[in-house]
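Structure first, then comments.
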Amino acid sequence: MAQFFGTLSSLVILFFSVGCASLPRNPVPLDSQLSAQIPGMQDIRAVSGQYSKAFEKDVFETEQQYRSFKGLSPTDQLSVSMLILSGGADNGAFGAGLLTGWTHSGNRPEFVLVTGVSTGALIAPFAFVGSEYDHVLEDAYTRATADDVYHPRWISFLWKDALLDTAPLARLIERYVTQDLLKKIAEAHQQGRRLWVATTNLDADRLVIWNMGAIAQSHHSGALELFRNVMLASSSIPGVFPPVMIEVEANGQRYDEMHVDGGVKAQLFVNAEVLNLAAMRQKYRAVASRDTKRTLYVVRNAKVGPDPEQVQRKMSVITGKALTSLLNSQARSDIERIYKIAQEGTNVEFYWISLPVKYIPHSLRPFDPVTMRKIYEIGHELGLSGDAWRKHPPGLGQH
C-alpha cells in the first residue's frame with residue numbers, strides 16, 4: 001500500500017504546486033457549522049467532540065429494542081456482538097474475506113453495532129445486514145479493478161477539486177446500495193441494531209458519525225441518495241478523490257458541507273466522542289441490565305506494526321512509506337483506545353485482527369484483482385479458522 005499512497009502523494013504535491021483557482025461553493029458560516037442539519041432528516045448524525053443527546057438516547061434504546069425483538073426480559077441473559085471496521089483502501093479485501101470465512105465457519109454472530117471508516121464504510125452495510133450479502137463483498141473486492149474505482153482527469157485536474165474522478169466508484173455504490181438494501185437496514189434498525197459510518201467534514205475539521213439505520217428508516221425521498229453519498233464521502237481521499245458536497249440547512253438557509261474520507265480523523269471508532277460513556281454508565285446503572293455480555297471485534301484492513309523495508313531515495317516512495325506509517329500509527333492508537341473503552345466497561349470482551357505483517361503483495365498496482373483476491377483469501381482463511389483473533393492491543397514485541 002505504500003506504493004499506492006506514494007503515487008497519490010506525488011500527484012497531490014504536483015496538484016498543489018500548480019496553484020489553480022478554487023471552484024464556487026456555498027459553505028456553512030463558521031458559527032453554524034456544528035449545528036447544521038440535513039433538511040428533513042433530524043438527528044441522523046453527530047459531530048466528534050460534541051455530546052449528542054440524540055445519539056445517547058438512540059444507544060440506550062438499542063438494547064431495549066433488541067431484547068424486545070429477541071423476546072427477552074430485562075433480566076434475561078443477552079450476548080451482543082459489535083464489529084469495528086477500519087480503512088485500508090484495496091486492503092478492504094481482507095475484511096471482506098474475513099467476514100465470508102467467518103460465515104462459513106458457522107460462528108459468525110449477528111452484529112448489534114457495526115461502524116466503518118473509508119473502505120470499512122463500504123463493507124459495513126453488507127456486514128450489518130448479514131451473510132446473505134457475502135456474495136456482494138466477494139464480488140466487489142475480488143473482481144473490481146482500478147477502472148471500477150476511478151479514472152484519470154488528465155489535464156482537467158487543473159481546474160477541478162481532485163486529481164482523479166470517482167464517478168466509477170459512485171456507480172459501483174449505486175449498483176450495490178439499492179432500495180432493497182436500505183429497507184433491510186431500516187428493519188434491522190427497528191430491531192435495535194445500529195450502523196454508523198464516519199466521514200470528515202473539512203470545513204468544521206471534525207469527524208461526523210452518520211446513523212445509517214436512522215437515514216434508512218427516515219423514509220425521506222432523499223434517503224437513498226444521502227446514504228450513497230455518505231459511503232462515497234467516507235472513502236474519498238482528499239486531494240486525490242473529489243470531496244462529496246452535502247446539502248445542509250442552518251438558520252433557515254441552505255448551504256453545502258465538504259465531506260471526505262473519515263480516515264483523515266480516525267482509522268477506527270466506537271463512539272467518536274459523541275457520547276459520554278462514563279456519564280451514561282452512571283445515569284443508566286439502575287435500569288441497564290448487568291446480564292448483557294458484549295463482545296467487540298476490531299478489524300484492521302491493513303497491517304499493524306512495523307513493516308520494515310529498504311526505502312528507495314525517491315519522492316513517491318518516501319512519501320508513500322511515510323503516509324502508510326502515519327496511518328499505521330493512527331490505527332494502533334485507535335485499537336488501544338477501543339481496548340481501553342472495553343476495559344472500562346462491564347462484561348465486555350475485546351478482540352482484534354489485521355492483515356498479517358508477513359504478507360507480501362503480488363502487485364504494487366492499486367486495486368489489482370490478483371492481489372485483492374489473495375488478500376481476500378487470507379482473510380477468508382483466518383475467518384474460517386477463527387483462531388487468529390488477539391485479545392490485547394499491539395505492543396512491544398507484538399505485530
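Residues are named by chain letter and number: chains run A, B, ... in the order of the C-alpha cells, numbers start at 1 in each chain, and ligands are numbered from 1 in the order shown.
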
Could I get the residues of region 237-325 of chain A with an atom no further than 10 Å from an atom of region 23-42 of chain A, each paired with its nearest atom pair and that distance in Å to one decimal, using only C-alpha atoms, sorted by chain and residue number, as a tab-separated table?
```
residue	atom	partner	partner_atom	distance
A:Met245	CA	A:Arg25	CA	9.1
A:Ile246	CA	A:Ile38	CA	8.3
A:Glu247	CA	A:Ile38	CA	6.8
A:Val248	CA	A:Ile38	CA	4.7
A:Glu249	CA	A:Gln37	CA	5.3
A:Ala250	CA	A:Ala36	CA	4.7
A:Asn251	CA	A:Ser32	CA	7.9
A:Gly252	CA	A:Ala36	CA	9.8
A:Gln253	CA	A:Val28	CA	9.2
A:Arg254	CA	A:Val28	CA	8.3
A:Tyr255	CA	A:Asn26	CA	5.4
A:Asp256	CA	A:Pro27	CA	5.2
A:Glu257	CA	A:Pro27	CA	6.1
A:Met258	CA	A:Pro27	CA	8.0
```

Take the residues from that selection and put them in a file with N, CA, C and O atoms, as a PDB file, in the first residue's frame.
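Resulting contents of part_14.pdb:
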```
ATOM      1  N   MET A 245     -20.027  16.928  -1.735  1.00  0.00           N
ATOM      2  CA  MET A 245     -20.720  18.100  -1.211  1.00  0.00           C
ATOM      3  C   MET A 245     -22.122  17.680  -0.762  1.00  0.00           C
ATOM      4  O   MET A 245     -22.889  17.137  -1.562  1.00  0.00           O
ATOM      5  N   ILE A 246     -22.414  17.904   0.504  1.00  0.00           N
ATOM      6  CA  ILE A 246     -23.698  17.508   1.083  1.00  0.00           C
ATOM      7  C   ILE A 246     -24.485  18.751   1.491  1.00  0.00           C
ATOM      8  O   ILE A 246     -23.968  19.609   2.215  1.00  0.00           O
ATOM      9  N   GLU A 247     -25.717  18.830   1.005  1.00  0.00           N
ATOM     10  CA  GLU A 247     -26.559  19.986   1.305  1.00  0.00           C
ATOM     11  C   GLU A 247     -27.075  19.926   2.732  1.00  0.00           C
ATOM     12  O   GLU A 247     -27.577  18.903   3.189  1.00  0.00           O
ATOM     13  N   VAL A 248     -26.943  21.056   3.436  1.00  0.00           N
ATOM     14  CA  VAL A 248     -27.421  21.149   4.814  1.00  0.00           C
ATOM     15  C   VAL A 248     -28.208  22.436   4.982  1.00  0.00           C
ATOM     16  O   VAL A 248     -28.236  23.301   4.097  1.00  0.00           O
ATOM     17  N   GLU A 249     -28.817  22.546   6.159  1.00  0.00           N
ATOM     18  CA  GLU A 249     -29.602  23.739   6.473  1.00  0.00           C
ATOM     19  C   GLU A 249     -29.154  24.303   7.815  1.00  0.00           C
ATOM     20  O   GLU A 249     -28.962  23.548   8.772  1.00  0.00           O
ATOM     21  N   ALA A 250     -28.987  25.616   7.874  1.00  0.00           N
ATOM     22  CA  ALA A 250     -28.616  26.287   9.117  1.00  0.00           C
ATOM     23  C   ALA A 250     -29.288  27.656   9.153  1.00  0.00           C
ATOM     24  O   ALA A 250     -29.206  28.411   8.170  1.00  0.00           O
ATOM     25  N   ASN A 251     -29.966  27.916  10.244  1.00  0.00           N
ATOM     26  CA  ASN A 251     -30.659  29.206  10.406  1.00  0.00           C
ATOM     27  C   ASN A 251     -31.604  29.508   9.246  1.00  0.00           C
ATOM     28  O   ASN A 251     -31.710  30.658   8.792  1.00  0.00           O
ATOM     29  N   GLY A 252     -32.270  28.469   8.753  1.00  0.00           N
ATOM     30  CA  GLY A 252     -33.248  28.655   7.697  1.00  0.00           C
ATOM     31  C   GLY A 252     -32.667  28.831   6.306  1.00  0.00           C
ATOM     32  O   GLY A 252     -33.412  29.026   5.338  1.00  0.00           O
ATOM     33  N   GLN A 253     -31.341  28.699   6.184  1.00  0.00           N
ATOM     34  CA  GLN A 253     -30.689  28.867   4.885  1.00  0.00           C
ATOM     35  C   GLN A 253     -30.030  27.558   4.449  1.00  0.00           C
ATOM     36  O   GLN A 253     -29.614  26.746   5.286  1.00  0.00           O
ATOM     37  N   ARG A 254     -29.918  27.349   3.138  1.00  0.00           N
ATOM     38  CA  ARG A 254     -29.275  26.152   2.597  1.00  0.00           C
ATOM     39  C   ARG A 254     -27.806  26.431   2.280  1.00  0.00           C
ATOM     40  O   ARG A 254     -27.474  27.484   1.720  1.00  0.00           O
ATOM     41  N   TYR A 255     -26.962  25.482   2.644  1.00  0.00           N
ATOM     42  CA  TYR A 255     -25.522  25.598   2.393  1.00  0.00           C
ATOM     43  C   TYR A 255     -24.997  24.232   1.944  1.00  0.00           C
ATOM     44  O   TYR A 255     -25.757  23.262   1.856  1.00  0.00           O
ATOM     45  N   ASP A 256     -23.692  24.147   1.670  1.00  0.00           N
ATOM     46  CA  ASP A 256     -23.077  22.857   1.376  1.00  0.00           C
ATOM     47  C   ASP A 256     -21.909  22.601   2.328  1.00  0.00           C
ATOM     48  O   ASP A 256     -21.201  23.525   2.718  1.00  0.00           O
ATOM     49  N   GLU A 257     -21.767  21.353   2.717  1.00  0.00           N
ATOM     50  CA  GLU A 257     -20.633  20.910   3.513  1.00  0.00           C
ATOM     51  C   GLU A 257     -19.711  20.072   2.639  1.00  0.00           C
ATOM     52  O   GLU A 257     -20.163  19.355   1.750  1.00  0.00           O
ATOM     53  N   MET A 258     -18.412  20.135   2.911  1.00  0.00           N
ATOM     54  CA  MET A 258     -17.422  19.373   2.156  1.00  0.00           C
ATOM     55  C   MET A 258     -16.968  18.170   2.985  1.00  0.00           C
ATOM     56  O   MET A 258     -16.312  18.331   4.011  1.00  0.00           O
TER      57      MET A 258
END
```

* Backbone DSSP call of alpha helix (DSSP H) for region 52-124 of chain A, listed as number ranges by chain -> A: 53-70, 92-105, 119-124

Could you take the residues named above and write them with C-alpha atoms, as a JSON list (two decimals), in the first residue's frame?
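As written to disk, part-v4.json reads:
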```json
[["chain", "number", "residue", "atom", "x", "y", "z"],
["A", 53, "LYS", "CA", -28.29, 13.77, 23.25],
["A", 54, "ALA", "CA", -29.96, 12.11, 20.25],
["A", 55, "PHE", "CA", -27.19, 9.50, 19.93],
["A", 56, "GLU", "CA", -27.24, 8.82, 23.67],
["A", 57, "LYS", "CA", -30.98, 8.21, 23.55],
["A", 58, "ASP", "CA", -30.54, 6.04, 20.46],
["A", 59, "VAL", "CA", -27.83, 3.92, 22.09],
["A", 60, "PHE", "CA", -29.87, 3.42, 25.25],
["A", 61, "GLU", "CA", -32.87, 2.31, 23.18],
["A", 62, "THR", "CA", -30.75, -0.19, 21.27],
["A", 63, "GLU", "CA", -30.64, -2.84, 23.99],
["A", 64, "GLN", "CA", -34.31, -2.39, 24.88],
["A", 65, "GLN", "CA", -35.37, -2.80, 21.24],
["A", 66, "TYR", "CA", -33.05, -5.74, 20.69],
["A", 67, "ARG", "CA", -34.26, -7.53, 23.82],
["A", 68, "SER", "CA", -37.85, -6.99, 22.73],
["A", 69, "PHE", "CA", -37.07, -8.32, 19.26],
["A", 70, "LYS", "CA", -35.46, -11.43, 20.79],
["A", 92, "GLY", "CA", -10.55, -3.94, 2.38],
["A", 93, "ALA", "CA", -10.45, -7.29, 0.60],
["A", 94, "PHE", "CA", -9.09, -8.63, 3.90],
["A", 95, "GLY", "CA", -12.20, -7.65, 5.85],
["A", 96, "ALA", "CA", -14.46, -8.91, 3.08],
["A", 97, "GLY", "CA", -12.73, -12.30, 3.07],
["A", 98, "LEU", "CA", -12.70, -12.46, 6.86],
["A", 99, "LEU", "CA", -16.47, -12.00, 7.01],
["A", 100, "THR", "CA", -17.22, -14.64, 4.38],
["A", 101, "GLY", "CA", -14.83, -17.10, 6.03],
["A", 102, "TRP", "CA", -16.46, -16.33, 9.38],
["A", 103, "THR", "CA", -19.82, -17.17, 7.83],
["A", 104, "HIS", "CA", -18.54, -20.49, 6.52],
["A", 105, "SER", "CA", -17.17, -21.36, 9.97],
["A", 119, "THR", "CA", -13.12, 1.07, 2.86],
["A", 120, "GLY", "CA", -14.61, -0.16, 6.14],
["A", 121, "ALA", "CA", -17.58, 2.12, 5.46],
["A", 122, "LEU", "CA", -18.07, 0.39, 2.11],
["A", 123, "ILE", "CA", -18.06, -3.02, 3.81],
["A", 124, "ALA", "CA", -20.14, -2.01, 6.83]]
```

* Would you list, as a PyMOL selection string, the residues of region 64-280 of chain A that end up in strand (DSSP E or B) under DSSP run on this structure's backbone? => chain A and resi 78-85+111-117+151-152+164-165+194-201+206-211+238+241+244-250+253-261

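Between CA of Lys183 (chain A) and CA of Phe227 (chain A) the interatomic distance comes to 12.0 Å.
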
* Name the residues in contact with Glu187 (chain A) at a cut-off of 10 Å, using only C-alpha atoms, excluding same-chain residues fewer than 4 positions from it; report them as a list in words. => Val129, Leu181, Leu182, Lys183, Gln191, Gly192, Arg193, Gly213, Ala216 and Gln217 of chain A

Selection file, C-alpha atoms, as a compact mmCIF listing (two decimals), in the first residue's frame:
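So the final result, stored in again_21.txt, reads:
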```
# COMPACT_ATOMS: atom_id res chain seq x y z
CA VAL A 129 -27.35 -6.84 7.13
CA LEU A 181 -30.73 -2.94 0.98
CA LEU A 182 -31.96 0.27 2.58
CA LYS A 183 -35.20 -1.45 3.55
CA GLN A 191 -34.93 -4.34 15.83
CA GLY A 192 -32.38 -2.45 17.92
CA ARG A 193 -29.27 -2.75 15.78
CA GLY A 213 -30.06 2.99 10.05
CA ALA A 216 -32.77 4.31 6.06
CA GLN A 217 -35.68 4.38 8.50
```

* Polymer residues at most 12 Å from Val370 (chain A), only C-alpha atoms, same-chain spacing of 3 or more positions, as an NGL selection string -> :A and (90 or 93 or 141-145 or 361-367 or 373-377)

Suppose we keep C-alpha atoms; can you now write the selection as a PDB file, in the first residue's frame?
```
ATOM      1  CA  ASP A  90      -7.915  -2.087  -1.559  1.00  0.00           C
ATOM      2  CA  ALA A  93     -10.449  -7.293   0.604  1.00  0.00           C
ATOM      3  CA  TYR A 141     -13.310  -6.917  -3.510  1.00  0.00           C
ATOM      4  CA  THR A 142     -12.065  -9.623  -5.884  1.00  0.00           C
ATOM      5  CA  ARG A 143     -13.381  -8.558  -9.282  1.00  0.00           C
ATOM      6  CA  ALA A 144     -13.303  -4.768  -9.179  1.00  0.00           C
ATOM      7  CA  THR A 145     -10.315  -3.049 -10.786  1.00  0.00           C
ATOM      8  CA  PRO A 361       1.574  -8.069  -2.120  1.00  0.00           C
ATOM      9  CA  HIS A 362       1.511  -9.747  -5.512  1.00  0.00           C
ATOM     10  CA  SER A 363       1.483  -6.375  -7.266  1.00  0.00           C
ATOM     11  CA  LEU A 364       2.111  -2.758  -6.303  1.00  0.00           C
ATOM     12  CA  ARG A 365      -0.605  -1.534  -8.650  1.00  0.00           C
ATOM     13  CA  PRO A 366      -3.641  -0.204  -6.762  1.00  0.00           C
ATOM     14  CA  PHE A 367      -6.813  -2.317  -6.938  1.00  0.00           C
ATOM     15  CA  ARG A 373      -8.062 -11.978  -4.445  1.00  0.00           C
ATOM     16  CA  LYS A 374      -5.006 -13.114  -2.479  1.00  0.00           C
ATOM     17  CA  ILE A 375      -5.783 -10.695   0.364  1.00  0.00           C
ATOM     18  CA  TYR A 376      -9.399 -11.847   0.314  1.00  0.00           C
ATOM     19  CA  GLU A 377      -8.293 -15.482   0.585  1.00  0.00           C
TER      20      GLU A 377
END
```

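Restricting the calculation to only C-alpha atoms, the smallest distance between Arg300 (chain A) and any of A:Ile173, A:Val114, A:Met212, A:Ile84 is found for A:Ile84.
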